[in-house]
Structure formats: C-alpha cells, structure tokens
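As provided, final_32.pdb (PDB, C-alpha atoms) reads as follows.
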ATOM      1  CA  MET M 101       0.000   0.000   0.000
ATOM      2  CA  LEU M 102       2.467   2.614  -1.226
ATOM      3  CA  ILE M 103       0.999   6.135  -1.060
ATOM      4  CA  ARG M 104       2.636   8.099  -3.885
ATOM      5  CA  SER M 105       0.111  10.946  -4.116
ATOM      6  CA  PHE M 106      -2.684  12.598  -2.178
ATOM      7  CA  GLU M 107      -5.137  11.178  -4.726
ATOM      8  CA  GLU M 108      -4.020   7.683  -3.724
ATOM      9  CA  ALA M 109      -4.415   8.622  -0.050
ATOM     10  CA  ASP M 110      -8.003   9.687  -0.741
ATOM     11  CA  GLU M 111      -8.706   6.409  -2.531
ATOM     12  CA  ILE M 112      -7.106   4.059  -0.005
ATOM     13  CA  ALA M 113      -8.523   5.765   3.121
ATOM     14  CA  GLY M 114     -11.970   4.517   2.194
ATOM     15  CA  ARG M 115     -10.696   0.924   2.298
ATOM     16  CA  VAL M 116      -8.785   1.378   5.574
ATOM     17  CA  GLY M 117     -11.461   3.361   7.425
ATOM     18  CA  PRO M 118     -13.643   4.255   9.055
ATOM     19  CA  LYS M 119     -11.641   5.446  12.047
ATOM     20  CA  LYS M 120     -12.770   7.727  14.831
ATOM     21  CA  VAL M 121     -11.382  11.260  14.873
ATOM     22  CA  SER M 122     -11.322  13.939  17.570
ATOM     23  CA  VAL M 123     -12.293  17.172  15.812
ATOM     24  CA  VAL M 124     -10.980  20.069  17.888
ATOM     25  CA  LYS M 125     -13.210  23.170  17.448
ATOM     26  CA  ALA M 126     -15.583  21.661  14.900
ATOM     27  CA  ASP M 127     -17.876  24.718  14.773
ATOM     28  CA  ASN M 128     -16.961  25.751  11.234
ATOM     29  CA  ARG M 129     -18.833  25.192   7.970
ATOM     30  CA  GLU M 130     -15.879  24.035   5.833
ATOM     31  CA  PHE M 131     -14.716  21.516   8.442
ATOM     32  CA  LEU M 132     -18.214  20.102   8.832
ATOM     33  CA  LEU M 133     -18.610  19.861   5.035
ATOM     34  CA  ALA M 134     -15.329  17.925   4.912
ATOM     35  CA  LEU M 135     -16.408  15.621   7.739
ATOM     36  CA  LYS M 136     -19.748  14.999   6.068
ATOM     37  CA  GLU M 137     -18.097  13.879   2.838
ATOM     38  CA  ALA M 138     -15.347  11.957   4.657
ATOM     39  CA  TYR M 139     -18.006  10.031   6.568
ATOM     40  CA  GLU M 140     -19.936   9.312   3.372
ATOM     41  CA  ARG M 141     -16.710   8.010   1.781
ATOM     42  CA  GLY M 142     -16.119   5.708   4.747
ATOM     43  CA  TYR M 143     -13.025   7.523   6.038
ATOM     44  CA  ALA M 144     -13.939   8.590   9.528
ATOM     45  CA  GLU M 145     -16.539   8.923  12.262
ATOM     46  CA  PRO M 146     -16.105  12.238  14.082
ATOM     47  CA  VAL M 147     -16.353  13.224  17.718
ATOM     48  CA  LEU M 148     -17.265  16.912  17.419
ATOM     49  CA  ILE M 149     -15.757  19.222  20.043
ATOM     50  CA  GLY M 150     -16.666  22.904  20.266
ATOM     51  CA  ASP M 151     -19.687  25.200  20.525
ATOM     52  CA  GLU M 152     -22.492  22.623  20.436
ATOM     53  CA  ARG M 153     -25.185  25.128  19.496
ATOM     54  CA  LYS M 154     -23.164  26.401  16.554
ATOM     55  CA  ILE M 155     -22.121  22.907  15.462
ATOM     56  CA  ARG M 156     -25.729  21.694  15.344
ATOM     57  CA  LYS M 157     -26.885  24.831  13.517
ATOM     58  CA  LEU M 158     -24.185  24.543  10.855
ATOM     59  CA  ALA M 159     -24.768  20.801  10.470
ATOM     60  CA  GLU M 160     -28.453  21.446   9.842
ATOM     61  CA  GLU M 161     -27.645  24.093   7.230
ATOM     62  CA  ILE M 162     -25.496  21.649   5.234
ATOM     63  CA  SER M 163     -27.848  18.668   5.773
ATOM     64  CA  PHE M 164     -25.288  16.740   7.823
ATOM     65  CA  ASP M 165     -27.035  14.283  10.149
ATOM     66  CA  ILE M 166     -24.845  14.267  13.256
ATOM     67  CA  THR M 167     -27.320  12.502  15.544
ATOM     68  CA  LYS M 168     -25.173   9.352  15.491
ATOM     69  CA  PHE M 169     -21.994  11.225  16.574
ATOM     70  CA  ALA M 170     -20.901  12.517  19.959
ATOM     71  CA  VAL M 171     -20.969  16.318  20.282
ATOM     72  CA  ILE M 172     -19.005  17.714  23.230
ATOM     73  CA  ASP M 173     -19.842  21.295  24.199
ATOM     74  CA  VAL M 174     -16.525  22.996  25.017
ATOM     75  CA  ARG M 175     -16.084  26.689  24.211
ATOM     76  CA  ASP M 176     -12.573  27.402  25.506
ATOM     77  CA  PRO M 177      -9.958  26.632  22.795
ATOM     78  CA  GLN M 178      -7.380  25.141  25.179
ATOM     79  CA  GLU M 179      -9.992  22.943  26.825
ATOM     80  CA  SER M 180     -11.150  21.838  23.370
ATOM     81  CA  ALA M 181      -7.612  20.824  22.420
ATOM     82  CA  ASP M 182      -7.099  19.046  25.748
ATOM     83  CA  LYS M 183     -10.335  17.104  25.283
ATOM     84  CA  GLY M 184      -9.398  16.023  21.778
ATOM     85  CA  VAL M 185      -6.070  14.663  23.000
ATOM     86  CA  GLN M 186      -7.684  12.929  25.987
ATOM     87  CA  LEU M 187     -10.047  11.046  23.678
ATOM     88  CA  VAL M 188      -7.129   9.583  21.727
ATOM     89  CA  GLU M 189      -5.271   8.761  24.956
ATOM     90  CA  SER M 190      -8.273   6.828  26.233
ATOM     91  CA  GLY M 191      -8.678   4.926  22.955
ATOM     92  CA  GLU M 192     -12.057   6.482  22.143
ATOM     93  CA  THR M 193     -10.664   8.022  18.946
ATOM     94  CA  HIS M 194      -7.713   7.181  16.684
ATOM     95  CA  PHE M 195      -6.355  10.579  15.636
ATOM     96  CA  ILE M 196      -6.909  14.330  15.900
ATOM     97  CA  LEU M 197      -8.132  16.805  13.311
ATOM     98  CA  ARG M 198      -7.372  20.415  14.142
ATOM     99  CA  GLY M 199     -10.499  22.374  13.408
ATOM    100  CA  TYR M 200     -11.002  26.130  13.527
ATOM    101  CA  ILE M 201      -8.424  26.751  16.253
ATOM    102  CA  ASP M 202      -4.959  28.284  16.507
ATOM    103  CA  GLY M 203      -2.193  25.671  16.353
ATOM    104  CA  PRO M 204      -0.421  26.483  19.649
ATOM    105  CA  TYR M 205      -3.429  25.315  21.686
ATOM    106  CA  LEU M 206      -3.206  21.854  20.146
ATOM    107  CA  TYR M 207       0.597  21.757  20.220
ATOM    108  CA  ARG M 208       0.566  22.502  23.960
ATOM    109  CA  SER M 209      -1.940  19.719  24.576
ATOM    110  CA  LEU M 210       0.115  17.201  22.616
ATOM    111  CA  ILE M 211       3.355  18.143  24.391
ATOM    112  CA  TRP M 212       1.729  18.127  27.822
ATOM    113  CA  ALA M 213       0.110  14.754  27.209
ATOM    114  CA  ALA M 214       3.366  13.205  25.962
ATOM    115  CA  SER M 215       5.282  14.568  28.949
ATOM    116  CA  LYS M 216       2.631  13.342  31.389
ATOM    117  CA  ARG M 217       2.945   9.824  29.985
ATOM    118  CA  GLY M 218       6.730   9.968  30.201
ATOM    119  CA  PHE M 219       6.848   9.950  26.401
ATOM    120  CA  ARG M 220       9.870  12.218  26.163
ATOM    121  CA  ARG M 221      10.170  12.645  22.436
ATOM    122  CA  CYS M 222      10.370  15.690  20.235
ATOM    123  CA  VAL M 223       6.927  16.568  18.874
ATOM    124  CA  SER M 224       7.397  17.651  15.268
ATOM    125  CA  GLY M 225       5.483  18.629  12.155
ATOM    126  CA  VAL M 226       5.952  16.623   8.964
ATOM    127  CA  ALA M 227       4.993  18.682   5.907
ATOM    128  CA  LEU M 228       4.011  16.213   3.183
ATOM    129  CA  MET M 229       4.412  17.681  -0.295
ATOM    130  CA  GLN M 230       3.371  16.530  -3.740
ATOM    131  CA  PHE M 231       5.240  17.845  -6.787
ATOM    132  CA  PRO M 232       3.874  17.139 -10.288
ATOM    133  CA  VAL M 233       7.326  16.018 -11.523
ATOM    134  CA  LEU M 234       7.888  13.469  -8.734
ATOM    135  CA  PRO M 235       6.357   9.982  -8.639
ATOM    136  CA  LYS M 236       6.136  10.080  -4.840
ATOM    137  CA  LEU M 237       5.445  12.248  -1.820
ATOM    138  CA  ILE M 238       8.314  14.026  -0.091
ATOM    139  CA  ALA M 239       8.462  15.533   3.378
ATOM    140  CA  VAL M 240      10.123  18.483   5.087
ATOM    141  CA  THR M 241      10.477  18.234   8.863
ATOM    142  CA  ASP M 242      10.403  19.786  11.394
ATOM    143  CA  ALA M 243       8.211  22.422   9.799
ATOM    144  CA  GLY M 244       6.538  24.026  12.759
ATOM    145  CA  LEU M 245       7.316  23.057  16.358
ATOM    146  CA  THR M 246      10.972  22.603  17.317
ATOM    147  CA  VAL M 247      12.707  25.959  16.978
ATOM    148  CA  ALA M 248      16.332  24.838  17.092
ATOM    149  CA  PRO M 249      16.584  21.029  17.307
ATOM    150  CA  ASP M 250      19.873  19.657  18.597
ATOM    151  CA  PHE M 251      21.437  16.346  17.563
ATOM    152  CA  ARG M 252      19.211  14.230  19.798
ATOM    153  CA  ALA M 253      16.051  16.038  18.702
ATOM    154  CA  LYS M 254      16.991  15.603  15.041
ATOM    155  CA  MET M 255      17.492  11.880  15.590
ATOM    156  CA  GLU M 256      13.968  11.673  17.025
ATOM    157  CA  ILE M 257      12.561  13.804  14.200
ATOM    158  CA  ILE M 258      14.117  11.411  11.678
ATOM    159  CA  GLU M 259      12.790   8.333  13.479
ATOM    160  CA  ASP M 260       9.245   9.695  13.639
ATOM    161  CA  ALA M 261       9.233  10.778   9.990
ATOM    162  CA  VAL M 262      10.570   7.379   8.919
ATOM    163  CA  ASP M 263       7.853   5.661  10.967
ATOM    164  CA  LEU M 264       5.197   7.826   9.273
ATOM    165  CA  PHE M 265       6.524   7.025   5.800
ATOM    166  CA  SER M 266       6.615   3.318   6.633
ATOM    167  CA  ARG M 267       2.885   3.579   7.374
ATOM    168  CA  PHE M 268       2.475   5.023   3.899
ATOM    169  CA  GLY M 269       4.193   1.992   2.396
ATOM    170  CA  TYR M 270       7.706   3.396   1.894
ATOM    171  CA  GLU M 271      10.203   0.597   2.539
ATOM    172  CA  SER M 272      13.444   2.025   3.921
ATOM    173  CA  PRO M 273      12.659   5.650   2.970
ATOM    174  CA  GLN M 274      15.508   7.892   1.837
ATOM    175  CA  VAL M 275      16.506  10.665   4.265
ATOM    176  CA  GLY M 276      18.420  13.803   3.300
ATOM    177  CA  LEU M 277      20.026  16.202   5.787
ATOM    178  CA  ILE M 278      19.979  19.913   4.940
ATOM    179  CA  ALA M 279      22.956  21.837   6.319
ATOM    180  CA  ALA M 280      25.582  24.410   5.408
ATOM    181  CA  ARG M 281      28.329  23.184   3.092
ATOM    182  CA  ARG M 282      31.231  21.521   4.896
ATOM    183  CA  GLY M 283      34.693  22.997   4.769
ATOM    184  CA  LEU M 284      33.837  26.638   5.408
ATOM    185  CA  ASN M 285      31.283  26.396   8.202
ATOM    186  CA  ASP M 286      32.109  23.237  10.105
ATOM    187  CA  ASP M 287      31.507  24.954  13.448
ATOM    188  CA  LEU M 288      27.832  25.533  12.623
ATOM    189  CA  GLY M 289      25.374  23.329  14.477
ATOM    190  CA  SER M 290      23.720  22.165  11.256
ATOM    191  CA  VAL M 291      27.046  20.788  10.005
ATOM    192  CA  SER M 292      28.256  19.214  13.247
ATOM    193  CA  ASP M 293      24.828  17.636  13.822
ATOM    194  CA  ALA M 294      24.848  16.222  10.285
ATOM    195  CA  VAL M 295      28.268  14.661  10.890
ATOM    196  CA  ARG M 296      27.072  13.087  14.156
ATOM    197  CA  ILE M 297      23.869  11.810  12.517
ATOM    198  CA  ARG M 298      25.927  10.213   9.730
ATOM    199  CA  GLU M 299      28.135   8.506  12.350
ATOM    200  CA  ALA M 300      25.066   7.267  14.246
ATOM    201  CA  TYR M 301      23.550   5.940  11.012
ATOM    202  CA  GLU M 302      26.728   4.038  10.173
ATOM    203  CA  LYS M 303      26.594   2.470  13.651
ATOM    204  CA  GLY M 304      23.067   1.215  12.947
ATOM    205  CA  GLU M 305      21.285   3.707  15.211
ATOM    206  CA  LEU M 306      18.790   4.765  12.508
ATOM    207  CA  PRO M 307      17.299   1.495  11.268
ATOM    208  CA  GLY M 308      14.615   1.380   8.616
ATOM    209  CA  CYS M 309      15.913   4.188   6.408
ATOM    210  CA  ARG M 310      18.697   5.122   3.988
ATOM    211  CA  LEU M 311      20.702   8.259   4.675
ATOM    212  CA  MET M 312      21.496   9.973   1.380
ATOM    213  CA  GLU M 313      24.871  11.478   0.527
ATOM    214  CA  GLY M 314      24.890  15.273   0.441
ATOM    215  CA  LEU M 315      23.923  18.218   2.627
ATOM    216  CA  SER M 316      22.019  20.533   0.293
ATOM    217  CA  LEU M 317      19.250  20.567  -2.267
ATOM    218  CA  ALA M 318      21.921  21.103  -4.936
ATOM    219  CA  ASP M 319      23.611  17.852  -3.881
ATOM    220  CA  PHE M 320      20.366  15.936  -4.266
ATOM    221  CA  LEU M 321      19.251  17.625  -7.489
ATOM    222  CA  LEU M 322      22.526  18.170  -9.315
ATOM    223  CA  GLY M 323      24.554  15.153  -8.264
ATOM    224  CA  GLY M 324      28.171  14.869  -7.261
ATOM    225  CA  GLU M 325      29.400  17.317  -9.873
ATOM    226  CA  GLY M 326      27.086  20.057  -8.616
ATOM    227  CA  PHE M 327      26.187  21.095 -12.155
ATOM    228  CA  LEU M 328      23.889  19.984 -14.978
ATOM    229  CA  ASP M 329      23.627  21.234 -18.549
ATOM    230  CA  ARG M 330      19.879  20.579 -18.737
ATOM    231  CA  PHE M 331      17.080  20.112 -16.226
ATOM    232  CA  GLU M 332      16.196  16.899 -18.049
ATOM    233  CA  GLU M 333      19.370  15.407 -16.572
ATOM    234  CA  ILE M 334      18.090  15.589 -12.972
ATOM    235  CA  ASP M 335      18.096  12.119 -11.427
ATOM    236  CA  TYR M 336      14.833  12.157  -9.488
ATOM    237  CA  SER M 337      15.715   8.883  -7.764
ATOM    238  CA  ARG M 338      18.365  10.830  -5.796
ATOM    239  CA  ILE M 339      15.781  13.146  -4.256
ATOM    240  CA  PRO M 340      15.163  12.020  -0.658
ATOM    241  CA  ASP M 341      11.715  11.035   0.559
ATOM    242  CA  ILE M 342      12.356  12.986   3.782
ATOM    243  CA  LEU M 343      14.303  16.237   4.111
ATOM    244  CA  ILE M 344      15.509  17.135   7.617
ATOM    245  CA  ALA M 345      15.566  20.896   8.148
ATOM    246  CA  PRO M 346      18.364  22.409  10.273
ATOM    247  CA  ASN M 347      15.897  24.603  12.181
ATOM    248  CA  LEU M 348      12.282  25.706  12.275
ATOM    249  CA  GLU M 349      12.768  28.793  10.093
ATOM    250  CA  TYR M 350      14.189  26.775   7.213
ATOM    251  CA  GLY M 351      11.577  24.042   7.536
ATOM    252  CA  ASN M 352       8.668  26.464   7.692
ATOM    253  CA  ILE M 353       9.844  28.508   4.719
ATOM    254  CA  ALA M 354      10.725  25.462   2.608
ATOM    255  CA  CYS M 355       7.394  23.725   3.095
ATOM    256  CA  LYS M 356       5.435  26.837   2.126
ATOM    257  CA  ILE M 357       6.823  26.941  -1.385
ATOM    258  CA  ASP M 358       3.285  26.111  -2.526
ATOM    259  CA  ASN M 359       2.212  29.608  -1.457
ATOM    260  CA  ILE M 360       3.724  30.960  -4.679
ATOM    261  CA  ALA M 361       2.280  28.195  -6.838
ATOM    262  CA  ALA M 362      -0.527  30.530  -7.877
ATOM    263  CA  ASN M 363       2.091  32.618  -9.696
ATOM    264  CA  ASP M 364       3.110  29.553 -11.763
ATOM    265  CA  PHE M 365       6.658  29.447 -10.416
ATOM    266  CA  PHE M 366       5.959  26.033  -8.883
ATOM    267  CA  SER M 367       2.548  25.225 -10.282
ATOM    268  CA  GLY M 368       0.669  22.214  -8.974
ATOM    269  CA  ILE M 369       2.374  21.736  -5.601
ATOM    270  CA  ARG M 370       0.153  20.477  -2.771
ATOM    271  CA  ARG M 371       0.959  20.288   0.950
ATOM    272  CA  HIS M 372      -0.521  18.704   4.081
ATOM    273  CA  VAL M 373       0.953  18.593   7.603
ATOM    274  CA  ILE M 374       0.874  15.814  10.205
ATOM    275  CA  ILE M 375       2.089  16.250  13.793
ATOM    276  CA  VAL M 376       4.048  13.215  15.041
ATOM    277  CA  GLY M 377       6.157  12.304  18.037
ATOM    278  CA  GLY M 378       3.547  12.675  20.764
ATOM    279  CA  GLY M 379       2.298   9.115  20.527
ATOM    280  CA  MET M 380      -0.720  10.103  18.450
ATOM    281  CA  PRO M 381      -1.049  11.561  14.943
ATOM    282  CA  ALA M 382      -2.716  14.932  14.449
ATOM    283  CA  VAL M 383      -3.544  16.444  11.067
ATOM    284  CA  ILE M 384      -3.579  20.231  10.947
ATOM    285  CA  PRO M 385      -5.337  21.861   7.999
ATOM    286  CA  SER M 386      -5.088  25.602   7.636
ATOM    287  CA  ARG M 387      -8.153  27.426   8.936
ATOM    288  CA  SER M 388      -8.483  28.962   5.466
ATOM    289  CA  ASP M 389      -8.577  25.584   3.669
ATOM    290  CA  SER M 390     -11.627  24.534   1.691
ATOM    291  CA  HIS M 391     -13.480  21.370   2.595
ATOM    292  CA  GLU M 392     -12.033  19.645  -0.513
ATOM    293  CA  THR M 393      -8.544  20.109   0.959
ATOM    294  CA  ILE M 394      -9.556  19.116   4.491
ATOM    295  CA  ILE M 395     -10.949  15.809   3.192
ATOM    296  CA  THR M 396      -7.409  14.786   2.218
ATOM    297  CA  ASP M 397      -6.134  15.739   5.685
ATOM    298  CA  ILE M 398      -8.700  13.378   7.156
ATOM    299  CA  ALA M 399      -7.602  10.618   4.740
ATOM    300  CA  LEU M 400      -3.980  11.089   5.811
ATOM    301  CA  GLY M 401      -5.025  10.895   9.466
ATOM    302  CA  VAL M 402      -6.776   7.593   8.774
ATOM    303  CA  LEU M 403      -3.682   6.163   7.063
ATOM    304  CA  SER M 404      -1.231   7.370   9.727
ATOM    305  CA  SER M 405      -3.181   6.140  12.765
TER     306      SER M 405
END
Target encoding structure tokens, full file:
Amino acid sequence: MLIRSFEEADEIAGRVGPKKVSVVKADNREFLLALKEAYERGYAEPVLIGDERKIRKLAEEISFDITKFAVIDVRDPQESADKGVQLVESGETHFILRGYIDGPYLYRSLIWAASKRGFRRCVSGVALMQFPVLPKLIAVTDAGLTVAPDFRAKMEIIEDAVDLFSRFGYESPQVGLIAARRGLNDDLGSVSDAVRIREAYEKGELPGCRLMEGLSLADFLLGGEGFLDRFEEIDYSRIPDILIAPNLEYGNIACKIDNIAANDFFSGIRRHVIIVGGGMPAVIPSRSDSHETIITDIALGVLSS
C-alpha cells in the first residue's frame, strides 16, 4: 500500500477506514462539510468538540445528520484541544483533526500529554508535499514546532518521519540532511549535527531508512558534480523522501513553497501537515482551507493512525 500521491491517499482511506477522529473546534462550515463527505466516503466517524449550538446549527444548514456522533460542548480553545487529545489517549478516537483553532493550543496539549505519559520525544510537524514532476510524496520536517533542534532532537525527528513514511508503504525511505556546506562552516550546528547523525547511522542507530549522501538541495538535485547542462538530466531517484531541516525557520519557509504556486513558479504543488512524536497523529489543515482540501487531511489521518 504505497501512497505516492494525495489522490491515492483519498482512494485508499476509504478501504482502511472508518476510524474515529477527535475534531478540535468543529464549529466551522468548511470543516463540517469535509467531515460529512469523509463520513460518506467511509473515512472517519467524528467526535465533534466545540460550541455545540453552533455545530448543530451549521450541520443542519449543510444537511449533515450528526445525531449518530458525539458532540461535546466545550467553548474554551485550550480545553477543546485538551479534550481532543484525551479522547485519543483513552482509545475512544484514533487521531486528531485540528479544526477552527490556533495551532499552539493543540501543540501545547500534545506536548503536555506526551510529557505526562513519560513519552519524552520531540513533537514535530511533517509537511508532506506533492510535486507534479515526482512519482512520490516528499516531506520536510520539522516544519513548525521545534525551533532549534539539537542532535538528539533531530534523531527523534528522523525516526518519527521514517515511521510515518513506513505507514504510507515506503520501505526504507531515503533521508536527506539539509545543512551548510562543509569545509567553510564546520563549526555551525547544522554541520556538526549532520556529521554526528551520519556517524550514528553508520553504527546502525537509525534502522529502517537510507541516509542519502549530500547536505544541500543542490547535492540531491545536481549530483556529485554540482552542475547539470539541462534540467532533463536531474536524477529524481536521488531526491530524498524525507528532508531534515536544520531549524524551524528553514523548515517552515521550505514547506510553504506552494504559497507561490498561484504565480506559476511552482505550479501544482500540494501540501498537508501531520504532527508526530507525541504518541498520536494529528492532522492540521489551515483554517483557510476549503473542505475539498480538508478531506485529504482526514484521509492522511486515517492512514497514519
């Protein structure tokens, strides 16, 4: 069950589901439209958390029969996030869908819950990206939580991203480390961490993946010579499945390359983000996403849980 595109994720989720999903702050029309269609496709059965009066009113307006689903009336955003996480902890739901709520509320809940359980891992965001020229998904991580990961945090970020890709059917996914070029900046943390990660990999401390040679996008795209005469010469098999960002700024900027897709510089790029590392997957659509986009987030949550 290799997931090479978001279209395949949408197709396969219907065969894997339905799974139960905690919907944090579900009182929004687009999210309820997405949940309605996801339920009809057999993806997921929601537990709706938020302003119960508003949820029921919106559901009625879009002809979404929610009488068979639990609706939990919680108005405070932090309490909503906490409740969503608690439901997964207790086994009542399988994953979390961030609804119409700011991300930090949910991130805090995930980190608190992991710490409470003694699950001392780095909680990170894996930005899954689909490029028209690539026959697979690629990821950039961490794209939103760990500001300046050290060596140990990067090891955990790699392990969690590899585990996610294995759930998507990638056998021994390729991992690429992004860092400054060696030789001029060896004292930079990105370089020294990359050297230590390579040493750990060679000792067998990162099983289940292949660490690619190179430290930059140019290395992966242009090969050992660092130069190509024509774009047609790019060896796409060298492009890692997972790119490890040196810090949050790089990861966040790199994964948002789709924001300029409307200007045709990188036309056709799509992106979805999954939070991993806290012992439970959480998919986090943008609050401005349409219900067509949110449906795919739900599919990815089904496949990653």
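As for CA of Ile103 in chain M and CA of Leu237 in chain M, they are spaced 7.6 Å apart.
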Arg198 in chain M surroundings by only C-alpha atoms, 9 Å radius, close-in-sequence under 2 positions cut, as an MDAnalysis selection string: chainID M and resid 122:126 181 196 200:203 206 382:387
Counting only C-alpha atoms, the residue of M:Asn347, M:Asp263, M:Asp127, M:Pro273 that sits nearest Leu288 in chain M: M:Asn347
Picked residues, the PyMOL selection byres ((chain M and resi 223-228) around 7), expected as a PyMOL selection string: chain M and resi 211+221-222+229-230+237-246+257+261+355+371-378
Closest of M:Arg217, M:Lys183, M:His194, M:Arg104 to Phe265 in chain M - atom-to-atom distances counting all atoms listed in the file: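 Checking each candidate against Phe265 in chain M, we get M:Arg104 as the closest.
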Near-range 344-346 of chain M list (7 Å; only C-alpha atoms; drop same-chain fewer than 4 positions) as a PyMOL selection string: chain M and resi 240-242+276-279+290+350-351
Selection near Ile172 in chain M, 9 Å with all atoms listed in the file, sequence-local residues under 5 positions removed, as a list in words: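 The residues that qualify are Val147, Leu148, Ile149, Gly150, Asp151, Glu152, Ser180 and Lys183 of chain M.
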Expansion of the PyMOL selection byres ((chain M and resi 320) around 10) into residues, as a ChimeraX atom specification: /M:276,312-319,321-324,326,334-340
Restore N, CA and C atoms in range 125-144 of chain M and list the result as a PDB file, in the coordinates of the input.
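File written: part-v6.pdb
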ATOM      1  N   LYS M 125     -12.521  21.963  17.935  1.00  0.00           N
ATOM      2  CA  LYS M 125     -13.210  23.170  17.448  1.00  0.00           C
ATOM      3  C   LYS M 125     -13.828  22.888  16.084  1.00  0.00           C
ATOM      4  N   ALA M 126     -14.901  22.099  16.121  1.00  0.00           N
ATOM      5  CA  ALA M 126     -15.583  21.661  14.900  1.00  0.00           C
ATOM      6  C   ALA M 126     -16.644  22.645  14.422  1.00  0.00           C
ATOM      7  N   ASP M 127     -16.784  23.801  15.103  1.00  0.00           N
ATOM      8  CA  ASP M 127     -17.876  24.718  14.773  1.00  0.00           C
ATOM      9  C   ASP M 127     -17.500  25.637  13.613  1.00  0.00           C
ATOM     10  N   ASN M 128     -17.310  25.016  12.440  1.00  0.00           N
ATOM     11  CA  ASN M 128     -16.961  25.751  11.234  1.00  0.00           C
ATOM     12  C   ASN M 128     -17.563  25.024  10.025  1.00  0.00           C
ATOM     13  N   ARG M 129     -18.117  25.770   9.103  1.00  0.00           N
ATOM     14  CA  ARG M 129     -18.833  25.192   7.970  1.00  0.00           C
ATOM     15  C   ARG M 129     -17.944  24.308   7.095  1.00  0.00           C
ATOM     16  N   GLU M 130     -16.741  24.797   6.730  1.00  0.00           N
ATOM     17  CA  GLU M 130     -15.879  24.035   5.833  1.00  0.00           C
ATOM     18  C   GLU M 130     -15.437  22.723   6.470  1.00  0.00           C
ATOM     19  N   PHE M 131     -15.134  22.745   7.774  1.00  0.00           N
ATOM     20  CA  PHE M 131     -14.716  21.516   8.442  1.00  0.00           C
ATOM     21  C   PHE M 131     -15.874  20.523   8.514  1.00  0.00           C
ATOM     22  N   LEU M 132     -17.066  21.010   8.779  1.00  0.00           N
ATOM     23  CA  LEU M 132     -18.214  20.102   8.832  1.00  0.00           C
ATOM     24  C   LEU M 132     -18.554  19.552   7.448  1.00  0.00           C
ATOM     25  N   LEU M 133     -18.401  20.361   6.402  1.00  0.00           N
ATOM     26  CA  LEU M 133     -18.610  19.861   5.035  1.00  0.00           C
ATOM     27  C   LEU M 133     -17.606  18.742   4.731  1.00  0.00           C
ATOM     28  N   ALA M 134     -16.352  18.941   5.135  1.00  0.00           N
ATOM     29  CA  ALA M 134     -15.329  17.925   4.912  1.00  0.00           C
ATOM     30  C   ALA M 134     -15.650  16.650   5.682  1.00  0.00           C
ATOM     31  N   LEU M 135     -16.081  16.790   6.929  1.00  0.00           N
ATOM     32  CA  LEU M 135     -16.408  15.621   7.739  1.00  0.00           C
ATOM     33  C   LEU M 135     -17.617  14.884   7.190  1.00  0.00           C
ATOM     34  N   LYS M 136     -18.571  15.624   6.676  1.00  0.00           N
ATOM     35  CA  LYS M 136     -19.748  14.999   6.068  1.00  0.00           C
ATOM     36  C   LYS M 136     -19.332  14.110   4.904  1.00  0.00           C
ATOM     37  N   GLU M 137     -18.511  14.660   4.004  1.00  0.00           N
ATOM     38  CA  GLU M 137     -18.097  13.879   2.838  1.00  0.00           C
ATOM     39  C   GLU M 137     -17.163  12.746   3.239  1.00  0.00           C
ATOM     40  N   ALA M 138     -16.264  13.003   4.205  1.00  0.00           N
ATOM     41  CA  ALA M 138     -15.347  11.957   4.657  1.00  0.00           C
ATOM     42  C   ALA M 138     -16.123  10.787   5.264  1.00  0.00           C
ATOM     43  N   TYR M 139     -17.172  11.091   5.993  1.00  0.00           N
ATOM     44  CA  TYR M 139     -18.006  10.031   6.568  1.00  0.00           C
ATOM     45  C   TYR M 139     -18.711   9.251   5.462  1.00  0.00           C
ATOM     46  N   GLU M 140     -19.237   9.966   4.478  1.00  0.00           N
ATOM     47  CA  GLU M 140     -19.936   9.312   3.372  1.00  0.00           C
ATOM     48  C   GLU M 140     -18.991   8.429   2.558  1.00  0.00           C
ATOM     49  N   ARG M 141     -17.709   8.811   2.499  1.00  0.00           N
ATOM     50  CA  ARG M 141     -16.710   8.010   1.781  1.00  0.00           C
ATOM     51  C   ARG M 141     -16.196   6.841   2.615  1.00  0.00           C
ATOM     52  N   GLY M 142     -16.563   6.790   3.879  1.00  0.00           N
ATOM     53  CA  GLY M 142     -16.119   5.708   4.747  1.00  0.00           C
ATOM     54  C   GLY M 142     -14.782   5.944   5.405  1.00  0.00           C
ATOM     55  N   TYR M 143     -14.313   7.211   5.427  1.00  0.00           N
ATOM     56  CA  TYR M 143     -13.025   7.523   6.038  1.00  0.00           C
ATOM     57  C   TYR M 143     -13.103   7.498   7.562  1.00  0.00           C
ATOM     58  N   ALA M 144     -14.010   8.297   8.098  1.00  0.00           N
ATOM     59  CA  ALA M 144     -13.939   8.590   9.528  1.00  0.00           C
ATOM     60  C   ALA M 144     -15.309   8.846  10.139  1.00  0.00           C
TER      61      ALA M 144
END
